[in-house]
file final.cif (mmCIF, C-alpha atoms)
data_upload
loop_
_atom_site.label_atom_id
_atom_site.label_comp_id
_atom_site.auth_asym_id
_atom_site.auth_seq_id
_atom_site.Cartn_x
_atom_site.Cartn_y
_atom_site.Cartn_z
CA MET A 21 0.00 0.00 0.00
CA GLY A 22 1.24 3.47 -0.83
CA LYS A 23 1.76 6.23 1.71
CA VAL A 24 -0.30 9.31 2.49
CA PHE A 25 1.67 12.52 2.16
CA THR A 26 1.27 16.25 1.94
CA GLN A 27 3.49 18.68 0.08
CA ALA A 28 3.51 22.46 0.14
CA SER A 29 5.63 25.47 -0.67
CA VAL A 30 6.04 27.16 2.68
CA SER A 31 7.60 30.42 3.84
CA LEU A 32 10.21 30.62 6.62
CA ASP A 33 7.40 31.58 8.98
CA GLY A 34 5.27 28.60 7.95
CA TYR A 35 2.70 30.11 5.59
CA ILE A 36 1.41 28.57 2.35
CA SER A 37 -0.07 31.92 1.36
CA GLY A 38 0.41 35.49 2.52
CA PRO A 39 -2.34 37.81 3.78
CA GLY A 40 -5.34 37.95 1.42
CA GLN A 41 -4.04 35.16 -0.88
CA THR A 42 -0.82 37.01 -1.70
CA GLY A 43 2.77 35.85 -1.90
CA PHE A 44 2.33 33.11 -4.50
CA ASP A 45 4.87 34.77 -6.80
CA ARG A 46 7.47 34.31 -4.05
CA LEU A 47 6.28 30.89 -2.86
CA PHE A 48 6.30 29.36 -6.34
CA ALA A 49 9.27 31.20 -7.85
CA TRP A 50 11.37 28.03 -7.44
CA CYS A 51 9.04 26.18 -9.83
CA THR A 52 10.56 28.06 -12.76
CA ALA A 53 13.96 29.11 -11.37
CA GLY A 54 16.06 26.57 -13.26
CA THR A 55 16.54 24.94 -16.64
CA VAL A 56 15.51 21.29 -16.26
CA ALA A 57 11.94 20.87 -17.54
CA THR A 58 9.44 18.61 -15.78
CA PRO A 59 6.00 18.75 -17.42
CA THR A 60 2.89 18.36 -15.30
CA ALA A 61 -0.28 16.64 -16.50
CA ASP A 62 -1.28 20.09 -17.79
CA PRO A 63 2.02 21.22 -19.36
CA ASP A 64 0.49 24.24 -21.07
CA ARG A 65 -0.38 25.68 -17.69
CA LEU A 66 2.70 24.51 -15.78
CA THR A 67 5.96 22.94 -16.76
CA TYR A 68 8.45 23.07 -13.91
CA ARG A 69 11.90 24.41 -14.74
CA THR A 70 14.24 23.64 -11.88
CA SER A 71 17.61 22.25 -10.90
CA GLU A 72 18.28 18.59 -11.73
CA ALA A 73 17.94 17.68 -8.03
CA THR A 74 14.52 19.32 -7.78
CA ALA A 75 13.47 17.72 -11.08
CA ARG A 76 14.30 14.27 -9.65
CA TYR A 77 12.25 15.11 -6.55
CA LEU A 78 9.29 16.19 -8.71
CA ARG A 79 9.51 13.19 -11.04
CA GLU A 80 9.56 10.81 -8.09
CA LEU A 81 6.40 12.49 -6.77
CA GLN A 82 4.67 12.30 -10.13
CA GLU A 83 5.57 8.63 -10.56
CA ARG A 84 4.38 7.70 -7.08
CA ILE A 85 1.13 9.66 -6.79
CA GLY A 86 -2.04 7.67 -7.45
CA ALA A 87 -4.78 9.92 -6.06
CA CYS A 88 -5.34 13.27 -4.30
CA VAL A 89 -7.52 14.46 -1.45
CA VAL A 90 -8.22 18.21 -1.37
CA GLY A 91 -10.46 20.53 0.64
CA ARG A 92 -13.33 22.49 -0.81
CA ASN A 93 -11.64 25.83 -0.12
CA LEU A 94 -8.74 24.89 -2.37
CA PHE A 95 -11.09 23.52 -4.99
CA ASP A 96 -13.06 26.78 -5.01
CA LEU A 97 -9.94 28.96 -4.90
CA THR A 98 -8.54 27.26 -8.00
CA ALA A 99 -11.97 27.06 -9.71
CA GLY A 100 -11.52 23.28 -9.67
CA TRP A 101 -8.30 23.68 -11.67
CA ASN A 102 -10.67 24.27 -14.61
CA GLY A 103 -11.45 20.58 -14.50
CA ARG A 104 -7.83 19.47 -14.95
CA HIS A 105 -5.93 18.80 -11.72
CA PRO A 106 -2.19 19.25 -12.44
CA SER A 107 -1.38 15.83 -10.96
CA GLY A 108 -3.48 14.07 -13.60
CA VAL A 109 -4.74 11.56 -11.01
CA PRO A 110 -8.22 11.07 -9.50
CA VAL A 111 -9.12 13.82 -7.02
CA PHE A 112 -11.36 13.43 -3.97
CA VAL A 113 -12.85 16.73 -2.80
CA VAL A 114 -13.89 16.82 0.89
CA THR A 115 -17.02 18.96 1.06
CA HIS A 116 -20.51 19.23 2.46
CA ARG A 117 -21.73 21.10 -0.60
CA PRO A 118 -22.58 19.89 -4.10
CA PRO A 119 -20.25 20.67 -7.02
CA PRO A 120 -20.62 24.18 -8.50
CA ALA A 121 -23.41 24.62 -11.04
CA GLY A 122 -22.19 23.60 -14.47
CA TRP A 123 -19.16 21.82 -13.02
CA GLU A 124 -17.48 19.52 -15.50
CA ALA A 125 -14.19 17.72 -15.13
CA THR A 126 -12.33 17.64 -18.42
CA THR A 127 -9.42 15.25 -17.97
CA THR A 128 -9.27 14.24 -14.32
CA SER A 129 -11.82 12.25 -12.35
CA PHE A 130 -13.21 14.33 -9.46
CA THR A 131 -15.27 12.75 -6.66
CA PHE A 132 -17.10 14.86 -4.06
CA VAL A 133 -16.95 13.21 -0.66
CA SER A 134 -19.34 14.43 2.02
CA ASP A 135 -18.46 12.10 4.91
CA GLY A 136 -15.12 13.49 6.01
CA VAL A 137 -11.42 13.31 5.28
CA GLU A 138 -10.95 9.82 6.71
CA ASN A 139 -13.40 8.37 4.22
CA ALA A 140 -11.96 10.48 1.42
CA ILE A 141 -8.48 9.10 2.19
CA ALA A 142 -9.84 5.53 2.35
CA ARG A 143 -11.45 5.92 -1.06
CA ALA A 144 -8.33 7.58 -2.49
CA ARG A 145 -6.20 4.70 -1.17
CA GLU A 146 -8.42 2.18 -2.95
CA VAL A 147 -7.98 4.00 -6.23
CA ALA A 148 -4.25 4.58 -5.72
CA GLY A 149 -3.48 0.93 -4.92
CA HIS A 150 0.28 0.61 -4.33
CA ARG A 151 0.79 4.26 -5.23
CA ASP A 152 0.66 7.28 -2.88
CA VAL A 153 -2.15 9.59 -1.85
CA GLY A 154 -1.48 13.33 -1.71
CA VAL A 155 -3.48 15.36 0.83
CA GLY A 156 -4.04 19.11 0.90
CA PRO A 157 -2.64 21.63 1.22
CA GLY A 158 -5.03 23.36 3.62
CA GLY A 159 -7.30 22.20 6.42
CA THR A 160 -7.41 18.62 5.15
CA VAL A 161 -3.78 18.24 6.26
CA ALA A 162 -4.67 18.92 9.90
CA ASP A 163 -7.65 16.56 9.61
CA ALA A 164 -5.38 13.82 8.25
CA LEU A 165 -2.76 14.45 10.97
CA ASN A 166 -5.43 14.45 13.67
CA ALA A 167 -6.74 11.12 12.33
CA GLY A 168 -3.22 9.65 12.42
CA LEU A 169 -3.34 9.09 8.67
CA LEU A 170 -0.47 11.24 7.40
CA ASP A 171 2.75 9.29 6.79
CA GLU A 172 4.91 11.97 5.23
CA LEU A 173 5.40 15.74 5.20
CA ARG A 174 7.12 17.35 2.22
CA MET A 175 7.99 20.97 2.83
CA ASP A 176 9.39 23.08 0.02
CA ILE A 177 10.93 25.81 2.14
CA VAL A 178 11.15 29.16 0.40
CA PRO A 179 13.46 31.91 1.73
CA VAL A 180 10.84 34.56 2.36
CA VAL A 181 9.12 35.78 5.52
CA LEU A 182 5.45 36.51 4.71
CA GLY A 183 4.48 37.84 8.14
CA ALA A 184 0.91 36.51 8.12
CA GLY A 185 -1.46 34.38 6.06
CA THR A 186 -2.50 30.73 5.92
CA PRO A 187 -0.26 28.38 7.94
CA MET A 188 0.73 25.03 6.40
CA LEU A 189 -0.03 23.25 9.66
CA THR A 190 -2.82 24.51 11.88
CA GLY A 191 -5.90 23.27 13.73
CA LEU A 192 -4.17 20.25 15.25
CA GLY A 193 -5.79 20.30 18.68
CA ASP A 194 -4.78 17.64 21.17
CA THR A 195 -2.94 15.34 18.79
CA ALA A 196 0.19 17.52 18.92
CA PRO A 197 3.07 17.16 19.61
CA ILE A 198 3.59 14.79 16.68
CA GLY A 199 7.10 13.52 15.99
CA PHE A 200 8.62 12.89 12.59
CA ASP A 201 11.82 11.27 11.39
CA PRO A 202 13.97 13.40 9.12
CA ALA A 203 14.19 11.53 5.86
CA GLU A 204 15.79 13.61 3.17
CA ILE A 205 17.05 17.09 2.34
CA ILE A 206 17.23 18.25 -1.27
CA GLU A 207 18.73 21.63 -2.06
CA GLY A 208 17.18 23.36 -5.05
CA ILE A 209 17.35 26.84 -6.55
CA GLY A 210 15.47 29.19 -4.22
CA VAL A 211 14.00 26.25 -2.33
CA THR A 212 15.00 23.56 0.13
CA HIS A 213 12.95 20.37 0.01
CA LEU A 214 12.64 18.73 3.43
CA ILE A 215 11.01 15.30 3.63
CA TYR A 216 9.85 13.92 6.98
CA ARG A 217 8.22 10.57 7.79
CA ARG A 218 5.90 10.02 10.73
CA ALA A 219 8.02 8.76 13.63
CA THR A 220 7.34 5.10 14.33
CA GLN A 221 6.81 5.72 18.05
CA ASN A 222 4.01 8.12 17.14
CA LEU A 223 2.16 5.83 14.75
CA ARG A 224 -1.32 5.00 15.85
CA MET B 37 31.50 45.22 11.45
CA GLY B 38 29.89 41.96 12.42
CA LYS B 39 26.41 40.87 11.42
CA VAL B 40 23.17 40.80 13.37
CA PHE B 41 21.60 37.36 13.50
CA THR B 42 18.97 35.35 15.27
CA GLN B 43 19.03 31.64 15.96
CA ALA B 44 16.29 29.40 17.30
CA SER B 45 15.22 25.79 17.57
CA VAL B 46 11.94 25.74 15.70
CA SER B 47 9.26 23.11 15.10
CA LEU B 48 7.99 22.13 11.63
CA ASP B 49 5.05 24.44 12.25
CA GLY B 50 7.29 27.35 13.22
CA TYR B 51 7.08 27.43 17.01
CA ILE B 52 9.94 28.07 19.44
CA SER B 53 7.82 26.76 22.30
CA GLY B 54 4.63 24.73 22.53
CA PRO B 55 1.43 25.78 24.32
CA GLY B 56 2.10 26.95 27.90
CA GLN B 57 5.92 26.85 27.55
CA THR B 58 5.97 23.15 26.68
CA GLY B 59 7.87 21.20 24.05
CA PHE B 60 11.39 22.20 25.06
CA ASP B 61 12.37 18.54 25.55
CA ARG B 62 11.59 17.98 21.86
CA LEU B 63 12.94 21.30 20.59
CA PHE B 64 16.30 20.92 22.32
CA ALA B 65 16.74 17.14 22.08
CA TRP B 66 19.27 17.68 19.28
CA CYS B 67 21.56 19.57 21.69
CA THR B 68 22.51 16.27 23.36
CA ALA B 69 21.73 13.73 20.62
CA GLY B 70 25.33 13.06 19.56
CA THR B 71 28.81 12.42 20.91
CA VAL B 72 30.91 15.47 19.98
CA ALA B 73 31.11 17.79 22.99
CA THR B 74 30.91 21.58 22.61
CA PRO B 75 30.99 23.34 26.00
CA THR B 76 29.09 26.57 26.46
CA ALA B 77 30.27 29.41 28.69
CA ASP B 78 28.40 27.61 31.46
CA PRO B 79 29.47 24.01 30.77
CA ASP B 80 28.04 22.66 34.02
CA ARG B 81 24.58 23.67 32.86
CA LEU B 82 24.97 22.89 29.16
CA THR B 83 27.57 21.12 27.12
CA TYR B 84 26.27 20.33 23.64
CA ARG B 85 26.74 16.75 22.45
CA THR B 86 26.05 16.60 18.74
CA SER B 87 27.29 15.39 15.38
CA GLU B 88 30.61 16.77 14.15
CA ALA B 89 28.77 18.92 11.58
CA THR B 90 26.55 20.49 14.25
CA ALA B 91 29.56 20.97 16.53
CA ARG B 92 31.32 22.96 13.79
CA TYR B 93 28.17 25.06 13.36
CA LEU B 94 28.02 25.74 17.11
CA ARG B 95 31.75 26.50 17.42
CA GLU B 96 31.55 28.98 14.55
CA LEU B 97 28.65 30.73 16.34
CA GLN B 98 30.53 30.82 19.63
CA GLU B 99 33.66 32.21 18.01
CA ARG B 100 31.75 34.88 16.13
CA ILE B 101 29.33 36.15 18.76
CA GLY B 102 30.33 39.37 20.52
CA ALA B 103 27.11 40.48 22.22
CA CYS B 104 23.44 39.54 22.64
CA VAL B 105 20.16 41.44 22.60
CA VAL B 106 17.25 39.74 24.38
CA GLY B 107 13.71 40.70 25.37
CA ARG B 108 12.50 41.05 28.91
CA ASN B 109 10.11 38.10 28.57
CA LEU B 110 12.99 35.75 27.83
CA PHE B 111 15.07 37.29 30.60
CA ASP B 112 12.24 36.74 33.09
CA LEU B 113 11.43 33.26 31.79
CA THR B 114 15.01 32.13 32.32
CA ALA B 115 15.38 34.06 35.60
CA GLY B 116 18.16 36.01 33.90
CA TRP B 117 20.02 32.74 33.30
CA ASN B 118 20.90 32.99 37.00
CA GLY B 119 23.27 35.79 36.09
CA ARG B 120 25.28 33.70 33.60
CA HIS B 121 24.15 33.95 29.98
CA PRO B 122 25.27 30.76 28.19
CA SER B 123 26.97 32.74 25.44
CA GLY B 124 29.41 34.32 27.91
CA VAL B 125 29.17 37.66 26.09
CA PRO B 126 27.64 40.99 27.17
CA VAL B 127 23.83 40.92 27.11
CA PHE B 128 21.52 43.86 26.38
CA VAL B 129 18.03 43.41 27.80
CA VAL B 130 15.31 45.44 26.05
CA THR B 131 12.86 46.48 28.76
CA HIS B 132 10.85 49.33 30.21
CA ARG B 133 11.20 47.94 33.72
CA PRO B 134 14.10 47.99 36.15
CA PRO B 135 16.05 44.78 36.85
CA PRO B 136 14.40 42.41 39.36
CA ALA B 137 15.02 43.19 43.05
CA GLY B 138 18.30 41.65 44.15
CA TRP B 139 19.40 41.09 40.55
CA GLU B 140 23.08 40.33 40.27
CA ALA B 141 25.00 39.21 37.22
CA THR B 142 27.68 36.74 38.18
CA THR B 143 29.86 36.24 35.12
CA THR B 144 28.24 38.09 32.22
CA SER B 145 27.71 41.81 31.85
CA PHE B 146 23.99 42.64 31.59
CA THR B 147 22.76 46.07 30.48
CA PHE B 148 19.09 47.08 30.72
CA VAL B 149 18.09 49.22 27.73
CA SER B 150 14.85 51.18 27.96
CA ASP B 151 14.87 53.01 24.61
CA GLY B 152 14.04 50.19 22.23
CA VAL B 153 15.60 47.39 20.23
CA GLU B 154 17.29 49.66 17.70
CA ASN B 155 19.30 51.35 20.42
CA ALA B 156 20.00 48.03 22.11
CA ILE B 157 21.39 46.66 18.83
CA ALA B 158 23.46 49.80 18.30
CA ARG B 159 25.00 49.46 21.76
CA ALA B 160 25.55 45.73 21.29
CA ARG B 161 27.31 46.41 17.96
CA GLU B 162 29.68 48.84 19.68
CA VAL B 163 30.64 46.24 22.25
CA ALA B 164 30.86 43.41 19.69
CA GLY B 165 33.16 45.32 17.31
CA HIS B 166 33.97 43.06 14.36
CA ARG B 167 32.08 40.20 15.97
CA ASP B 168 28.37 39.35 15.59
CA VAL B 169 25.31 40.36 17.58
CA GLY B 170 22.72 37.70 18.44
CA VAL B 171 19.11 38.86 18.79
CA GLY B 172 16.22 37.07 20.50
CA PRO B 173 14.57 34.67 20.30
CA GLY B 174 11.17 36.24 20.88
CA GLY B 175 9.59 39.57 20.06
CA THR B 176 12.94 41.33 19.65
CA VAL B 177 13.42 39.37 16.42
CA ALA B 178 10.35 40.95 14.82
CA ASP B 179 11.45 44.37 16.09
CA ALA B 180 14.88 43.87 14.51
CA LEU B 181 13.36 42.64 11.23
CA ASN B 182 10.90 45.54 11.17
CA ALA B 183 13.80 47.95 11.69
CA GLY B 184 15.71 46.35 8.79
CA LEU B 185 18.52 45.38 11.17
CA LEU B 186 18.56 41.59 10.93
CA ASP B 187 21.18 40.22 8.53
CA GLU B 188 20.85 36.51 9.14
CA LEU B 189 18.29 33.93 10.23
CA ARG B 190 19.52 30.63 11.69
CA MET B 191 16.77 28.08 12.04
CA ASP B 192 17.45 24.79 13.79
CA ILE B 193 14.52 22.84 12.36
CA VAL B 194 13.32 20.05 14.62
CA PRO B 195 11.09 17.26 13.25
CA VAL B 196 8.11 17.78 15.51
CA VAL B 197 4.74 19.45 14.98
CA LEU B 198 3.79 21.34 18.16
CA GLY B 199 0.35 22.51 17.00
CA ALA B 200 0.39 25.83 18.85
CA GLY B 201 2.64 28.03 20.98
CA THR B 202 5.06 30.89 20.39
CA PRO B 203 6.02 31.45 16.73
CA MET B 204 9.67 32.17 15.88
CA LEU B 205 8.63 34.97 13.54
CA THR B 206 5.55 37.03 14.34
CA GLY B 207 4.46 40.64 14.68
CA LEU B 208 6.04 41.77 11.43
CA GLY B 209 3.37 44.15 10.21
CA ASP B 210 3.93 45.93 6.94
CA THR B 211 7.59 45.11 6.47
CA ALA B 212 6.75 41.63 5.14
CA PRO B 213 7.31 40.04 2.69
CA ILE B 214 11.04 39.99 3.42
CA GLY B 215 13.30 37.99 1.15
CA PHE B 216 16.37 36.03 2.17
CA ASP B 217 19.13 34.28 0.29
CA PRO B 218 19.65 30.64 1.20
CA ALA B 219 23.17 30.39 2.52
CA GLU B 220 23.84 27.02 4.05
CA ILE B 221 22.21 23.73 5.06
CA ILE B 222 23.78 21.59 7.77
CA GLU B 223 22.26 18.21 8.56
CA GLY B 224 22.57 17.20 12.19
CA ILE B 225 21.11 14.45 14.36
CA GLY B 226 17.42 15.24 14.90
CA VAL B 227 17.91 18.74 13.51
CA THR B 228 18.49 20.54 10.23
CA HIS B 229 20.31 23.85 10.48
CA LEU B 230 19.20 26.32 7.80
CA ILE B 231 21.08 29.59 7.45
CA TYR B 232 19.59 32.48 5.48
CA ARG B 233 21.04 35.92 4.76
CA ARG B 234 18.92 38.98 4.11
CA ALA B 235 18.50 39.32 0.36
CA THR B 236 20.49 42.25 -0.98
CA GLN B 237 17.47 43.61 -2.89
CA ASN B 238 15.65 43.84 0.43
CA LEU B 239 18.38 45.64 2.37
CA ARG B 240 17.38 49.04 3.60
#
call {"tool": "encode", "arguments": {"input": "final.cif", "output": "structure tokens"}}
result
Amino acid sequence: MGKVFTQASVSLDGYISGPGQTGFDRLFAWCTAGTVATPTADPDRLTYRTSEATARYLRELQERIGACVVGRNLFDLTAGWNGRHPSGVPVFVVTHRPPPAGWEATTTSFTFVSDGVENAIARAREVAGHRDVGVGPGGTVADALNAGLLDELRMDIVPVVLGAGTPMLTGLGDTAPIGFDPAEIIEGIGVTHLIYRRATQNLR
Amino acid sequence: MGKVFTQASVSLDGYISGPGQTGFDRLFAWCTAGTVATPTADPDRLTYRTSEATARYLRELQERIGACVVGRNLFDLTAGWNGRHPSGVPVFVVTHRPPPAGWEATTTSFTFVSDGVENAIARAREVAGHRDVGVGPGGTVADALNAGLLDELRMDIVPVVLGAGTPMLTGLGDTAPIGFDPAEIIEGIGVTHLIYRRATQNLR
């Protein structure tokens, strides 16, 4: 069975967006700061251009991901990625509301799950099989951590202080502190990729 | 002239202490997770035992530091380090209040500065000469960043999620976003040291 992970570009003060949905130019500058091309499933919209080390990190992710779980806020903020999630894999949207009027997925399968993140992850795992499930970013990450379901944190640390905004990790309640094992450090251009695995003594 | 830096052990979610001053066992576990000894100025209270790479990082800090600027909260929380700051260098305490009754520094010079962090840093710089000035951790770090006086961030990233507590970087107001240049990554045991220098295009 694959693992459940989250990945996010995060500022030095822990934000995945600045105040009022700002800061994305800084947070995602590393995605096009190099010369090695890594196409996404929607290469017209985004082809990464990075260092070779970052390209390897991205290719490994792309090869391993089998399904995604996202929150409704992110879905709405991105307008459902115009029906094409950049991962190219089936997406499970955790929501209590129906899809937007006229919603149509063009190239990715989207499933709206109304009974919580645990069930969304279970259904994503079924679809992903031996491959991995990506969760978040956003509130679904805390839900997955609180449920003891997150195996791996991937933080793309960007050298900017945003001062305020949306934290990568928030809303954890009584499950913290949660220990991780440092797994890997990959130095990119304008980014440091840190990979952590859930510490075995914390697994529930 | 030396540089002005801050250094802190910080959780994956950006906290230098957990809720209610907890989490220090996790945040400082790396200080004694190895075998290479690095004594502080108060070796009976703390001698670091780390990897060789972390020991080099700590020795470089010790050799370069010439003065410290700390906030009154930290001073009170540590009971003024019982009169012996572990750095062994002169300490400038930013405060509007007089020293505690009966206060006596035993081996480190402490100066109480009532006219703000900028003046405290200026006085610390004078004393430090060509050596560096350490600021914080705590609210003084934001004050120094807001004043454009912080040259370097040293984050000792610890693989734990604390969920809540005291952020390393908070209270920045309108000076954010603030860009940094990635300078160095040092992998230790249970810690990753990330060193960032203020980006030249941001210097004021």
call {"tool": "resolve_selection", "arguments": {"input": "final.cif", "expression": "the PyMOL selection byres ((chain A) within 8 of (chain B))", "output": "number ranges by chain"}}
result
A: 32-34, 43, 179-184, 187-193, 196-202, 210-211, 216
call {"tool": "resolve_selection", "arguments": {"input": "final.cif", "expression": "the PyMOL selection byres ((chain A and resi 100) around 12)", "output": "PDB file with C-alpha atoms, keeping the file's coordinate frame"}}
result
ATOM      1  CA  VAL A  90      -8.220  18.210  -1.370  1.00  0.00           C
ATOM      2  CA  GLY A  91     -10.460  20.530   0.640  1.00  0.00           C
ATOM      3  CA  ARG A  92     -13.330  22.490  -0.810  1.00  0.00           C
ATOM      4  CA  ASN A  93     -11.640  25.830  -0.120  1.00  0.00           C
ATOM      5  CA  LEU A  94      -8.740  24.890  -2.370  1.00  0.00           C
ATOM      6  CA  PHE A  95     -11.090  23.520  -4.990  1.00  0.00           C
ATOM      7  CA  ASP A  96     -13.060  26.780  -5.010  1.00  0.00           C
ATOM      8  CA  LEU A  97      -9.940  28.960  -4.900  1.00  0.00           C
ATOM      9  CA  THR A  98      -8.540  27.260  -8.000  1.00  0.00           C
ATOM     10  CA  ALA A  99     -11.970  27.060  -9.710  1.00  0.00           C
ATOM     11  CA  TRP A 101      -8.300  23.680 -11.670  1.00  0.00           C
ATOM     12  CA  ASN A 102     -10.670  24.270 -14.610  1.00  0.00           C
ATOM     13  CA  GLY A 103     -11.450  20.580 -14.500  1.00  0.00           C
ATOM     14  CA  ARG A 104      -7.830  19.470 -14.950  1.00  0.00           C
ATOM     15  CA  HIS A 105      -5.930  18.800 -11.720  1.00  0.00           C
ATOM     16  CA  PRO A 106      -2.190  19.250 -12.440  1.00  0.00           C
ATOM     17  CA  VAL A 111      -9.120  13.820  -7.020  1.00  0.00           C
ATOM     18  CA  PHE A 112     -11.360  13.430  -3.970  1.00  0.00           C
ATOM     19  CA  VAL A 113     -12.850  16.730  -2.800  1.00  0.00           C
ATOM     20  CA  PRO A 119     -20.250  20.670  -7.020  1.00  0.00           C
ATOM     21  CA  PRO A 120     -20.620  24.180  -8.500  1.00  0.00           C
ATOM     22  CA  GLY A 122     -22.190  23.600 -14.470  1.00  0.00           C
ATOM     23  CA  TRP A 123     -19.160  21.820 -13.020  1.00  0.00           C
ATOM     24  CA  GLU A 124     -17.480  19.520 -15.500  1.00  0.00           C
ATOM     25  CA  ALA A 125     -14.190  17.720 -15.130  1.00  0.00           C
ATOM     26  CA  THR A 126     -12.330  17.640 -18.420  1.00  0.00           C
ATOM     27  CA  THR A 127      -9.420  15.250 -17.970  1.00  0.00           C
ATOM     28  CA  THR A 128      -9.270  14.240 -14.320  1.00  0.00           C
ATOM     29  CA  SER A 129     -11.820  12.250 -12.350  1.00  0.00           C
ATOM     30  CA  PHE A 130     -13.210  14.330  -9.460  1.00  0.00           C
ATOM     31  CA  THR A 131     -15.270  12.750  -6.660  1.00  0.00           C
ATOM     32  CA  PHE A 132     -17.100  14.860  -4.060  1.00  0.00           C
TER      33      PHE A 132
END
call {"tool": "residues_near_point", "arguments": {"input": "final.cif", "point": "(34.0, 37.9, 19.2)", "cutoff": "9 Å", "atoms": "all atoms listed in the file", "output": "list in words"}}
result
Gly38, Gln98, Glu99, Arg100, Ile101, Gly102, Ala103, Val125, Ala164, Gly165, His166, Arg167 and Asp168 of chain B
call {"tool": "atom_distance", "arguments": {"input": "final.cif", "atom1": "atom CA of Arg145 of chain A", "atom2": "atom CA of Gly158 of chain A"}}
result
19.3 Å
call {"tool": "residues_around", "arguments": {"input": "final.cif", "residues": "Thr74 of chain B", "least_positions_apart": "6", "cutoff": "7 Å", "atoms": "all atoms listed in the file", "output": "VMD selection string"}}
result
chain B and resid 83 to 85 91
call {"tool": "atom_distance", "arguments": {"input": "final.cif", "atom1": "atom CA of Val171 of chain B", "atom2": "atom CA of Gln43 of chain B"}}
result
7.8 Å
call {"tool": "atom_distance", "arguments": {"input": "final.cif", "atom1": "atom CA of Arg79 of chain A", "atom2": "atom CA of Thr60 of chain A"}}
result
9.4 Å
call {"tool": "closest_residue", "arguments": {"input": "final.cif", "among": "B:Gly124, B:Val105, B:Gly56, B:Leu185", "to": "Pro75 of chain B", "atoms": "all atoms listed in the file"}}
result
B:Gly124
call {"tool": "axis_aligned_box", "arguments": {"input": "final.cif", "around": "segment 170-176 of chain A", "padding_each_side": "5 Å", "output": "AutoDock Vina command-line options"}}
result
--center_x 4.5 --center_y 16.2 --center_z 3.7 --size_x 19.9 --size_y 23.8 --size_z 17.4
call {"tool": "residues_around", "arguments": {"input": "final.cif", "residues": "Thr70 of chain A", "least_positions_apart": "2", "cutoff": "6 Å", "atoms": "only C-alpha atoms", "output": "list in words"}}
result
Thr52, Ala53, Gly54, Thr55, Val56 and Thr74 of chain A
call {"tool": "closest_residue", "arguments": {"input": "final.cif", "among": "B:Thr202, B:Thr42, B:Ser87, B:Thr176", "to": "Val130 of chain B", "atoms": "all atoms listed in the file"}}
result
B:Thr176
